[in-house]
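What's in my_file17.txt: compact mmCIF, C-alpha atoms
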```txt
# COMPACT_ATOMS: atom_id res chain seq x y z
CA GLN H 1 42.13 2.15 -46.68
CA GLN H 2 41.96 5.68 -48.07
CA LYS H 3 43.74 6.15 -51.39
CA VAL H 4 44.75 9.66 -52.40
CA GLN H 5 46.12 10.37 -55.86
CA GLN H 6 47.37 13.61 -57.35
CA SER H 7 47.74 14.76 -60.94
CA PRO H 8 49.76 15.82 -62.71
CA GLU H 9 53.01 14.61 -61.11
CA SER H 10 54.77 17.74 -62.32
CA LEU H 11 53.83 20.96 -64.04
CA ILE H 12 55.76 23.80 -65.64
CA VAL H 13 53.86 27.03 -66.27
CA PRO H 14 54.88 30.58 -67.27
CA GLU H 15 54.57 33.43 -64.80
CA GLY H 16 51.06 34.87 -64.81
CA ALA H 17 49.37 31.64 -65.90
CA MET H 18 46.47 29.88 -64.18
CA THR H 19 47.61 26.63 -62.54
CA SER H 20 45.24 23.75 -61.75
CA LEU H 21 46.16 20.85 -59.47
CA ASN H 22 43.99 17.79 -58.92
CA CYS H 23 43.40 15.31 -56.13
CA THR H 24 41.16 12.23 -56.03
CA PHE H 25 40.29 10.16 -52.98
CA SER H 26 38.60 6.81 -52.43
CA ASP H 27 36.63 7.13 -49.17
CA SER H 28 33.28 8.86 -49.76
CA ALA H 29 32.94 9.40 -45.96
CA SER H 30 35.93 11.78 -45.94
CA GLN H 31 35.13 15.10 -44.31
CA TYR H 32 38.19 17.35 -44.51
CA PHE H 33 40.18 18.28 -47.59
CA ALA H 34 43.32 20.37 -47.62
CA TRP H 35 46.21 21.57 -49.70
CA TYR H 36 49.74 21.98 -48.33
CA ARG H 37 52.77 23.54 -49.97
CA GLN H 38 56.28 22.23 -49.37
CA HIS H 39 59.41 24.02 -50.51
CA SER H 40 62.49 21.86 -51.02
CA GLY H 41 63.95 20.64 -47.72
CA LYS H 42 61.26 22.38 -45.67
CA ALA H 43 58.16 21.32 -43.77
CA PRO H 44 54.73 21.38 -45.46
CA LYS H 45 52.64 24.48 -44.75
CA ALA H 46 48.85 24.50 -44.86
CA LEU H 47 47.47 26.56 -47.75
CA MET H 48 43.72 26.06 -47.80
CA SER H 49 41.10 23.62 -46.62
CA ILE H 50 37.41 22.88 -47.16
CA PHE H 51 34.78 20.72 -45.50
CA SER H 52 31.74 20.89 -47.78
CA ASN H 53 31.02 20.82 -51.49
CA GLY H 54 31.69 24.00 -53.40
CA GLU H 55 34.58 26.35 -53.61
CA LYS H 56 36.50 28.77 -51.44
CA GLU H 57 38.76 31.58 -52.56
CA GLU H 58 41.63 33.16 -50.65
CA GLY H 59 43.62 35.69 -52.62
CA ARG H 60 45.06 34.01 -55.73
CA PHE H 61 44.12 30.53 -54.50
CA THR H 62 40.81 28.71 -54.97
CA ILE H 63 39.92 25.27 -53.64
CA HIS H 64 37.06 23.35 -55.24
CA LEU H 65 35.45 20.20 -53.82
CA ASN H 66 33.09 17.72 -55.49
CA LYS H 67 32.45 14.87 -53.05
CA ALA H 68 30.24 12.94 -55.48
CA SER H 69 33.15 12.78 -57.91
CA LEU H 70 35.64 12.06 -55.09
CA HIS H 71 37.69 14.98 -56.39
CA PHE H 72 39.03 18.31 -55.23
CA SER H 73 41.34 20.79 -56.82
CA LEU H 74 43.52 23.83 -56.22
CA HIS H 75 43.64 26.69 -58.70
CA ILE H 76 46.35 29.34 -58.57
CA ARG H 77 45.60 32.54 -60.45
CA ASP H 78 48.49 34.69 -61.77
CA SER H 79 51.13 32.08 -60.82
CA GLN H 80 54.39 33.50 -59.48
CA PRO H 81 57.93 32.04 -59.42
CA SER H 82 57.62 32.00 -55.61
CA ASP H 83 54.74 29.52 -56.03
CA SER H 84 57.26 26.93 -57.27
CA ALA H 85 57.08 24.07 -54.76
CA LEU H 86 55.69 20.59 -54.11
CA TYR H 87 51.92 20.75 -53.58
CA LEU H 88 50.40 18.05 -51.37
CA CYS H 89 46.74 17.29 -51.01
CA ALA H 90 45.45 15.73 -47.77
CA VAL H 91 42.19 14.01 -46.89
CA SER H 92 40.88 12.91 -43.51
CA GLY H 93 38.08 10.66 -42.35
CA ARG H 94 35.13 11.19 -40.02
CA GLY H 95 34.79 10.90 -36.25
CA SER H 96 37.80 9.47 -34.48
CA ALA H 97 39.61 9.31 -37.80
CA LEU H 98 39.51 13.08 -38.20
CA GLY H 99 43.11 13.37 -37.04
CA ARG H 100 44.18 10.73 -39.55
CA LEU H 101 45.44 12.61 -42.59
CA HIS H 102 46.20 10.80 -45.83
CA PHE H 103 48.49 12.63 -48.22
CA GLY H 104 48.95 12.35 -51.95
CA ALA H 105 52.39 11.94 -53.50
CA GLY H 106 52.42 15.57 -54.62
CA THR H 107 52.58 17.73 -57.72
CA GLN H 108 55.89 19.48 -58.37
CA LEU H 109 55.10 22.95 -59.72
CA ILE H 110 57.68 25.11 -61.48
CA VAL H 111 56.72 28.65 -62.49
CA ILE H 112 59.05 30.11 -65.12
CA PRO H 113 59.68 33.90 -64.96
CA ALA N 1 52.06 32.51 -30.28
CA GLN N 2 52.65 28.80 -30.59
CA THR N 3 56.07 27.47 -31.51
CA ILE N 4 57.10 23.95 -32.44
CA HIS N 5 60.66 22.81 -32.10
CA GLN N 6 62.20 19.56 -33.31
CA TRP N 7 65.59 18.14 -32.37
CA PRO N 8 68.03 17.35 -33.74
CA VAL N 9 67.90 19.21 -37.05
CA ALA N 10 69.74 16.36 -38.74
CA GLU N 11 71.25 13.01 -37.80
CA ILE N 12 73.59 10.57 -39.49
CA LYS N 13 73.41 7.14 -37.80
CA ALA N 14 74.66 3.63 -38.41
CA VAL N 15 72.39 0.69 -39.16
CA GLY N 16 71.56 -1.09 -35.91
CA SER N 17 72.12 1.96 -33.71
CA PRO N 18 69.39 3.48 -31.48
CA LEU N 19 67.53 6.68 -32.30
CA SER N 20 65.60 9.29 -30.39
CA LEU N 21 63.93 12.30 -32.02
CA GLY N 22 62.10 14.96 -30.07
CA CYS N 23 59.38 17.53 -30.56
CA THR N 24 58.22 20.32 -28.22
CA ILE N 25 55.16 22.52 -28.61
CA LYS N 26 54.96 25.81 -26.74
CA GLY N 27 51.98 28.14 -26.51
CA LYS N 28 49.21 25.56 -26.89
CA SER N 29 47.59 23.56 -24.12
CA SER N 30 46.83 19.85 -24.68
CA PRO N 31 47.31 19.75 -28.45
CA ASN N 32 46.92 16.61 -30.53
CA LEU N 33 50.40 15.58 -31.63
CA TYR N 34 51.49 13.58 -34.66
CA TRP N 35 54.64 12.03 -36.11
CA TYR N 36 55.05 11.83 -39.87
CA TRP N 37 57.74 10.33 -42.10
CA GLN N 38 58.62 11.28 -45.64
CA ALA N 39 61.14 9.13 -47.51
CA THR N 40 63.19 11.02 -50.10
CA GLY N 41 60.86 11.42 -53.07
CA GLY N 42 58.16 9.54 -51.17
CA THR N 43 54.69 10.23 -49.80
CA LEU N 44 54.18 11.86 -46.40
CA GLN N 45 52.89 9.16 -44.01
CA GLN N 46 51.40 9.57 -40.56
CA LEU N 47 53.17 7.24 -38.10
CA PHE N 48 51.70 8.01 -34.67
CA TYR N 49 49.19 10.29 -33.03
CA SER N 50 48.57 11.30 -29.44
CA ILE N 51 45.53 13.02 -27.99
CA THR N 52 46.77 13.21 -24.41
CA VAL N 53 49.79 12.60 -22.17
CA GLY N 54 50.75 8.96 -21.94
CA GLN N 55 48.51 7.84 -24.82
CA VAL N 56 49.97 7.13 -28.25
CA GLU N 57 48.33 5.31 -31.16
CA SER N 58 50.34 3.67 -33.91
CA VAL N 59 49.18 4.20 -37.47
CA VAL N 60 51.94 2.56 -39.53
CA GLN N 61 54.29 -0.19 -38.39
CA LEU N 62 57.86 0.79 -39.19
CA ASN N 63 59.71 -0.72 -36.19
CA LEU N 64 59.48 2.66 -34.46
CA SER N 65 57.85 3.67 -31.20
CA ALA N 66 56.57 6.94 -29.82
CA SER N 67 55.87 8.35 -26.38
CA ARG N 68 54.32 11.49 -24.93
CA PRO N 69 55.92 12.00 -21.51
CA LYS N 70 54.62 15.58 -21.10
CA ASP N 71 51.74 17.56 -22.54
CA ASP N 72 54.09 19.54 -24.75
CA GLN N 73 56.58 16.81 -25.70
CA PHE N 74 56.49 13.95 -28.22
CA ILE N 75 59.35 11.49 -28.68
CA LEU N 76 60.03 9.08 -31.58
CA SER N 77 62.51 6.28 -31.02
CA THR N 78 63.83 2.90 -32.00
CA GLU N 79 66.45 0.59 -30.52
CA LYS N 80 67.73 -0.59 -33.88
CA LEU N 81 67.80 1.53 -37.03
CA LEU N 82 67.29 0.11 -40.51
CA LEU N 83 68.44 1.59 -43.80
CA SER N 84 64.76 2.07 -44.66
CA HIS N 85 64.35 4.50 -41.74
CA SER N 86 66.17 7.23 -43.64
CA GLY N 87 64.06 10.25 -44.49
CA PHE N 88 62.46 13.39 -43.16
CA TYR N 89 60.65 13.13 -39.82
CA LEU N 90 58.04 15.73 -39.05
CA CYS N 91 56.13 16.45 -35.89
CA ALA N 92 52.76 18.19 -36.20
CA TRP N 93 50.19 19.62 -33.82
CA SER N 94 46.49 20.32 -34.02
CA LEU N 95 43.73 21.60 -31.75
CA SER N 96 40.87 20.58 -34.03
CA GLY N 97 42.29 17.25 -35.16
CA VAL N 98 42.10 18.27 -38.81
CA GLU N 99 44.10 21.45 -39.45
CA GLN N 100 47.63 20.26 -38.66
CA TYR N 101 50.75 22.41 -38.39
CA PHE N 102 54.18 20.94 -38.98
CA GLY N 103 57.45 21.50 -37.19
CA PRO N 104 60.70 22.15 -39.12
CA GLY N 105 61.56 18.44 -39.29
CA THR N 106 64.59 16.23 -38.69
CA ARG N 107 66.57 14.84 -41.61
CA LEU N 108 67.76 11.30 -40.81
CA THR N 109 70.38 9.46 -42.83
CA VAL N 110 71.05 5.82 -41.95
CA LEU N 111 74.30 4.36 -43.31
```

Could I get this structure in the form of structure tokens?
Amino acid sequence: QQKVQQSPESLIVPEGAMTSLNCTFSDSASQYFAWYRQHSGKAPKALMSIFSNGEKEEGRFTIHLNKASLHFSLHIRDSQPSDSALYLCAVSGRGSALGRLHFGAGTQLIVIP
Amino acid sequence: AQTIHQWPVAEIKAVGSPLSLGCTIKGKSSPNLYWYWQATGGTLQQLFYSITVGQVESVVQLNLSASRPKDDQFILSTEKLLLSHSGFYLCAWSLSGVEQYFGPGTRLTVL
């Protein structure tokens, strides 16, 4: 059974700071890795995803994957108060399990103006 | 453009009462559909998935059932609610099976 763990549980950063969120997983056969953002009382929204080792940048957000270390991360450059939310990482399996997404418990991010 | 609608927005129900939650996807043909549950302060868990009309696979046993009566409709139900069923129920769709998009959710409180 896939285990997905996030760290830290919560994070408070000043506006303009670089924020780093971490996610570890247990199944080395996992093929899809994603970050979602969830504002209080709302549905999660997909932020970024990656399939292969390396990193991908979209605007202020960068996702980095290291399959050998069973770890991926999300980096937010120039953090803004509007980035304050619960960040969820998600991992899927291969083949027929590709639609099976396993989520971490989340990192609560607060960006102070 | 695709739209996903969930009903009701919120429900307050008594323990032991029946429940039916619905989800409709418009603008996408034959999507994969998913039901998720998130207890307050808890982890988002996938409950069911459906690849086609009439076929639903259970992922987690929570004394709930799901059905897909039409290509664009997914229903979550139970005949007898438990206190532990309280939480946020989310429907999601996907064409690829991986990138999943969530509906607005239904907040359920069981008293």

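For the pair atom CA of H:His75 and atom CA of H:Glu55, the separation is 10.4 Å.
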
(request) For H:Pro113, please output as JSON, numbers by chain all residues within 8 Å (counting all atoms listed in the file; exclusion window: fewer than 5 positions along the same chain). (result) {"H": [14, 15, 80, 81]}

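What separates atom CA of N:Val59 from atom CA of H:Gln38 is a distance of 22.7 Å.
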
(message) Using all atoms listed in the file for the distances, tell me which of N:Gln73, N:Gln55, N:Gln46, N:Gln6 is nearest to chain H.
(response) N:Gln46

(request) Please provide the set of residues having any atom within 7 Å of N:His5, restricted to only C-alpha atoms, with same-chain residues fewer than 6 positions apart removed, written as a list in words. (result)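 The filter keeps Cys23, Thr24, Ile25 and Gly103 of chain N.
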
Write out as a tab-separated table a residue-level contact list of chain N versus chain H with cut-off 12 Å: for each qualifying residue the closest pair of atoms and the distance in Å to one decimal, counting all atoms listed in the file, rows sorted by chain and residue number upward.
```
residue	atom	partner	partner_atom	distance
N:Ile4	CA	H:Ala43	CA	11.7
N:Gln6	CA	H:Ala43	CA	11.4
N:Val9	CA	H:Lys42	CA	11.3
N:Ala10	CA	H:Gly41	CA	11.5
N:Pro31	CA	H:Gly99	CA	11.5
N:Asn32	CA	H:Gly99	CA	8.2
N:Leu33	CA	H:Gly99	CA	9.3
N:Tyr34	CA	H:Gly99	CA	8.7
N:Trp35	CA	H:Arg100	CA	11.1
N:Tyr36	CA	H:Leu101	CA	10.0
N:Trp37	CA	H:Ala43	CA	11.1
N:Gln38	CA	H:Ala105	CA	10.1
N:Ala39	CA	H:Ala105	CA	11.0
N:Thr40	CA	H:Gly41	CA	9.9
N:Gly41	CA	H:Ala105	CA	8.5
N:Gly42	CA	H:Ala105	CA	6.7
N:Thr43	CA	H:Ala105	CA	4.7
N:Leu44	CA	H:Phe103	CA	6.0
N:Gln45	CA	H:Phe103	CA	7.0
N:Gln46	CA	H:Leu101	CA	7.0
N:Leu47	CA	H:Arg100	CA	9.8
N:Phe48	CA	H:Arg100	CA	9.4
N:Tyr49	CA	H:Gly99	CA	7.9
N:Ser50	CA	H:Gly99	CA	9.6
N:Ile51	CA	H:Gly99	CA	9.4
N:Glu57	CA	H:Arg100	CA	10.8
N:Ser58	CA	H:Arg100	CA	10.9
N:Val59	CA	H:Arg100	CA	8.5
N:Val60	CA	H:Arg100	CA	11.3
N:Gly87	CA	H:Gly41	CA	10.9
N:Phe88	CA	H:Gly41	CA	8.7
N:Tyr89	CA	H:Ala43	CA	9.4
N:Leu90	CA	H:Ala43	CA	7.3
N:Cys91	CA	H:Ala43	CA	9.5
N:Ala92	CA	H:Ala43	CA	9.8
N:Trp93	CA	H:Gly99	CA	10.0
N:Ser94	CA	H:Gly99	CA	8.3
N:Leu95	CA	H:Gly99	CA	9.8
N:Ser96	CA	H:Gly99	CA	8.1
N:Gly97	CA	H:Gly99	CA	4.4
N:Val98	CA	H:Gly99	CA	5.3
N:Glu99	CA	H:Ala46	CA	7.8
N:Gln100	CA	H:Ala46	CA	7.6
N:Tyr101	CA	H:Lys45	CA	7.0
N:Phe102	CA	H:Ala43	CA	6.2
N:Gly103	CA	H:Ala43	CA	6.6
N:Pro104	CA	H:Ala43	CA	5.4
N:Gly105	CA	H:Ala43	CA	6.3
N:Thr106	CA	H:Ala43	CA	9.6
N:Arg107	CA	H:Gly41	CA	8.8
```

Selected residues, C-alpha atoms, written as a PDB file, in the frame of the given file, please.
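selection19.pdb was written with the following content:
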```pdb
ATOM      1  CA  ILE N   4      57.100  23.950 -32.440  1.00  0.00           C
ATOM      2  CA  GLN N   6      62.200  19.560 -33.310  1.00  0.00           C
ATOM      3  CA  VAL N   9      67.900  19.210 -37.050  1.00  0.00           C
ATOM      4  CA  ALA N  10      69.740  16.360 -38.740  1.00  0.00           C
ATOM      5  CA  PRO N  31      47.310  19.750 -28.450  1.00  0.00           C
ATOM      6  CA  ASN N  32      46.920  16.610 -30.530  1.00  0.00           C
ATOM      7  CA  LEU N  33      50.400  15.580 -31.630  1.00  0.00           C
ATOM      8  CA  TYR N  34      51.490  13.580 -34.660  1.00  0.00           C
ATOM      9  CA  TRP N  35      54.640  12.030 -36.110  1.00  0.00           C
ATOM     10  CA  TYR N  36      55.050  11.830 -39.870  1.00  0.00           C
ATOM     11  CA  TRP N  37      57.740  10.330 -42.100  1.00  0.00           C
ATOM     12  CA  GLN N  38      58.620  11.280 -45.640  1.00  0.00           C
ATOM     13  CA  ALA N  39      61.140   9.130 -47.510  1.00  0.00           C
ATOM     14  CA  THR N  40      63.190  11.020 -50.100  1.00  0.00           C
ATOM     15  CA  GLY N  41      60.860  11.420 -53.070  1.00  0.00           C
ATOM     16  CA  GLY N  42      58.160   9.540 -51.170  1.00  0.00           C
ATOM     17  CA  THR N  43      54.690  10.230 -49.800  1.00  0.00           C
ATOM     18  CA  LEU N  44      54.180  11.860 -46.400  1.00  0.00           C
ATOM     19  CA  GLN N  45      52.890   9.160 -44.010  1.00  0.00           C
ATOM     20  CA  GLN N  46      51.400   9.570 -40.560  1.00  0.00           C
ATOM     21  CA  LEU N  47      53.170   7.240 -38.100  1.00  0.00           C
ATOM     22  CA  PHE N  48      51.700   8.010 -34.670  1.00  0.00           C
ATOM     23  CA  TYR N  49      49.190  10.290 -33.030  1.00  0.00           C
ATOM     24  CA  SER N  50      48.570  11.300 -29.440  1.00  0.00           C
ATOM     25  CA  ILE N  51      45.530  13.020 -27.990  1.00  0.00           C
ATOM     26  CA  GLU N  57      48.330   5.310 -31.160  1.00  0.00           C
ATOM     27  CA  SER N  58      50.340   3.670 -33.910  1.00  0.00           C
ATOM     28  CA  VAL N  59      49.180   4.200 -37.470  1.00  0.00           C
ATOM     29  CA  VAL N  60      51.940   2.560 -39.530  1.00  0.00           C
ATOM     30  CA  GLY N  87      64.060  10.250 -44.490  1.00  0.00           C
ATOM     31  CA  PHE N  88      62.460  13.390 -43.160  1.00  0.00           C
ATOM     32  CA  TYR N  89      60.650  13.130 -39.820  1.00  0.00           C
ATOM     33  CA  LEU N  90      58.040  15.730 -39.050  1.00  0.00           C
ATOM     34  CA  CYS N  91      56.130  16.450 -35.890  1.00  0.00           C
ATOM     35  CA  ALA N  92      52.760  18.190 -36.200  1.00  0.00           C
ATOM     36  CA  TRP N  93      50.190  19.620 -33.820  1.00  0.00           C
ATOM     37  CA  SER N  94      46.490  20.320 -34.020  1.00  0.00           C
ATOM     38  CA  LEU N  95      43.730  21.600 -31.750  1.00  0.00           C
ATOM     39  CA  SER N  96      40.870  20.580 -34.030  1.00  0.00           C
ATOM     40  CA  GLY N  97      42.290  17.250 -35.160  1.00  0.00           C
ATOM     41  CA  VAL N  98      42.100  18.270 -38.810  1.00  0.00           C
ATOM     42  CA  GLU N  99      44.100  21.450 -39.450  1.00  0.00           C
ATOM     43  CA  GLN N 100      47.630  20.260 -38.660  1.00  0.00           C
ATOM     44  CA  TYR N 101      50.750  22.410 -38.390  1.00  0.00           C
ATOM     45  CA  PHE N 102      54.180  20.940 -38.980  1.00  0.00           C
ATOM     46  CA  GLY N 103      57.450  21.500 -37.190  1.00  0.00           C
ATOM     47  CA  PRO N 104      60.700  22.150 -39.120  1.00  0.00           C
ATOM     48  CA  GLY N 105      61.560  18.440 -39.290  1.00  0.00           C
ATOM     49  CA  THR N 106      64.590  16.230 -38.690  1.00  0.00           C
ATOM     50  CA  ARG N 107      66.570  14.840 -41.610  1.00  0.00           C
TER      51      ARG N 107
END
```

(message) Can you tell me which residues surround stretch 18-22 of chain N at a distance of at most 8 Å, considering all atoms listed in the file, apart from same-chain residues fewer than 3 positions away, and format the answer as a list in words?
(response) Gln6, Trp7, Pro8, Gln73, Phe74, Ile75, Leu76, Ser77, Thr78, Glu79, Lys80, Leu81 and Thr106 of chain N

Output requested as a short mmCIF file (atom, residue, chain, number, x, y, z; two decimals), keeping the file's coordinate frame - stretch 39-50 of chain N, filled out with all heavy atoms.
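Generated output (out-v4.cif):
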```
data_model
loop_
_atom_site.label_atom_id
_atom_site.label_comp_id
_atom_site.auth_asym_id
_atom_site.auth_seq_id
_atom_site.Cartn_x
_atom_site.Cartn_y
_atom_site.Cartn_z
N ALA N 39 59.93 9.62 -46.85
CA ALA N 39 61.14 9.13 -47.51
C ALA N 39 61.49 10.08 -48.64
O ALA N 39 60.61 10.78 -49.17
CB ALA N 39 60.91 7.72 -48.05
N THR N 40 62.76 10.14 -49.01
CA THR N 40 63.19 11.02 -50.10
C THR N 40 62.41 10.68 -51.36
O THR N 40 62.45 9.53 -51.83
CB THR N 40 64.70 10.88 -50.35
OG1 THR N 40 65.40 11.21 -49.14
CG2 THR N 40 65.15 11.83 -51.46
N GLY N 41 61.67 11.66 -51.89
CA GLY N 41 60.86 11.42 -53.07
C GLY N 41 59.59 10.64 -52.80
O GLY N 41 58.85 10.27 -53.72
N GLY N 42 59.31 10.37 -51.53
CA GLY N 42 58.16 9.54 -51.17
C GLY N 42 56.99 10.34 -50.62
O GLY N 42 57.05 11.56 -50.47
N THR N 43 55.92 9.62 -50.30
CA THR N 43 54.69 10.23 -49.80
C THR N 43 54.77 10.45 -48.28
O THR N 43 55.30 9.61 -47.56
CB THR N 43 53.50 9.31 -50.13
OG1 THR N 43 53.44 9.12 -51.55
CG2 THR N 43 52.18 9.93 -49.67
N LEU N 44 54.22 11.55 -47.83
CA LEU N 44 54.18 11.86 -46.40
C LEU N 44 53.21 10.88 -45.72
O LEU N 44 52.05 10.77 -46.10
CB LEU N 44 53.70 13.29 -46.23
CG LEU N 44 53.80 13.93 -44.87
CD1 LEU N 44 55.23 13.99 -44.36
CD2 LEU N 44 53.21 15.35 -44.93
N GLN N 45 53.71 10.16 -44.70
CA GLN N 45 52.89 9.16 -44.01
C GLN N 45 52.79 9.46 -42.53
O GLN N 45 53.81 9.73 -41.88
CB GLN N 45 53.53 7.77 -44.13
CG GLN N 45 53.52 7.15 -45.49
CD GLN N 45 54.02 5.73 -45.43
OE1 GLN N 45 53.38 4.84 -44.87
NE2 GLN N 45 55.19 5.49 -46.00
N GLN N 46 51.59 9.40 -42.01
CA GLN N 46 51.40 9.57 -40.56
C GLN N 46 51.83 8.28 -39.86
O GLN N 46 51.42 7.18 -40.25
CB GLN N 46 49.94 9.88 -40.26
CG GLN N 46 49.70 10.39 -38.85
CD GLN N 46 48.25 10.71 -38.60
OE1 GLN N 46 47.47 9.85 -38.23
NE2 GLN N 46 47.88 11.98 -38.79
N LEU N 47 52.66 8.41 -38.82
CA LEU N 47 53.17 7.24 -38.10
C LEU N 47 52.44 7.02 -36.77
O LEU N 47 52.08 5.89 -36.43
CB LEU N 47 54.67 7.42 -37.81
CG LEU N 47 55.60 7.60 -38.99
CD1 LEU N 47 57.03 7.81 -38.48
CD2 LEU N 47 55.54 6.40 -39.92
N PHE N 48 52.30 8.09 -36.00
CA PHE N 48 51.70 8.01 -34.67
C PHE N 48 50.86 9.26 -34.42
O PHE N 48 51.11 10.32 -34.99
CB PHE N 48 52.77 7.95 -33.57
CG PHE N 48 53.67 6.75 -33.64
CD1 PHE N 48 54.87 6.81 -34.33
CD2 PHE N 48 53.32 5.57 -33.01
CE1 PHE N 48 55.71 5.71 -34.39
CE2 PHE N 48 54.14 4.45 -33.07
CZ PHE N 48 55.33 4.53 -33.77
N TYR N 49 49.88 9.13 -33.52
CA TYR N 49 49.19 10.29 -33.03
C TYR N 49 48.91 10.13 -31.55
O TYR N 49 48.81 9.02 -31.02
CB TYR N 49 47.91 10.59 -33.81
CG TYR N 49 46.77 9.61 -33.63
CD1 TYR N 49 45.82 9.78 -32.62
CD2 TYR N 49 46.63 8.53 -34.50
CE1 TYR N 49 44.77 8.89 -32.49
CE2 TYR N 49 45.58 7.64 -34.36
CZ TYR N 49 44.66 7.83 -33.36
OH TYR N 49 43.61 6.95 -33.22
N SER N 50 48.81 11.29 -30.88
CA SER N 50 48.57 11.30 -29.44
C SER N 50 47.58 12.40 -29.12
O SER N 50 47.77 13.55 -29.50
CB SER N 50 49.87 11.52 -28.68
OG SER N 50 49.62 11.72 -27.32
#
```
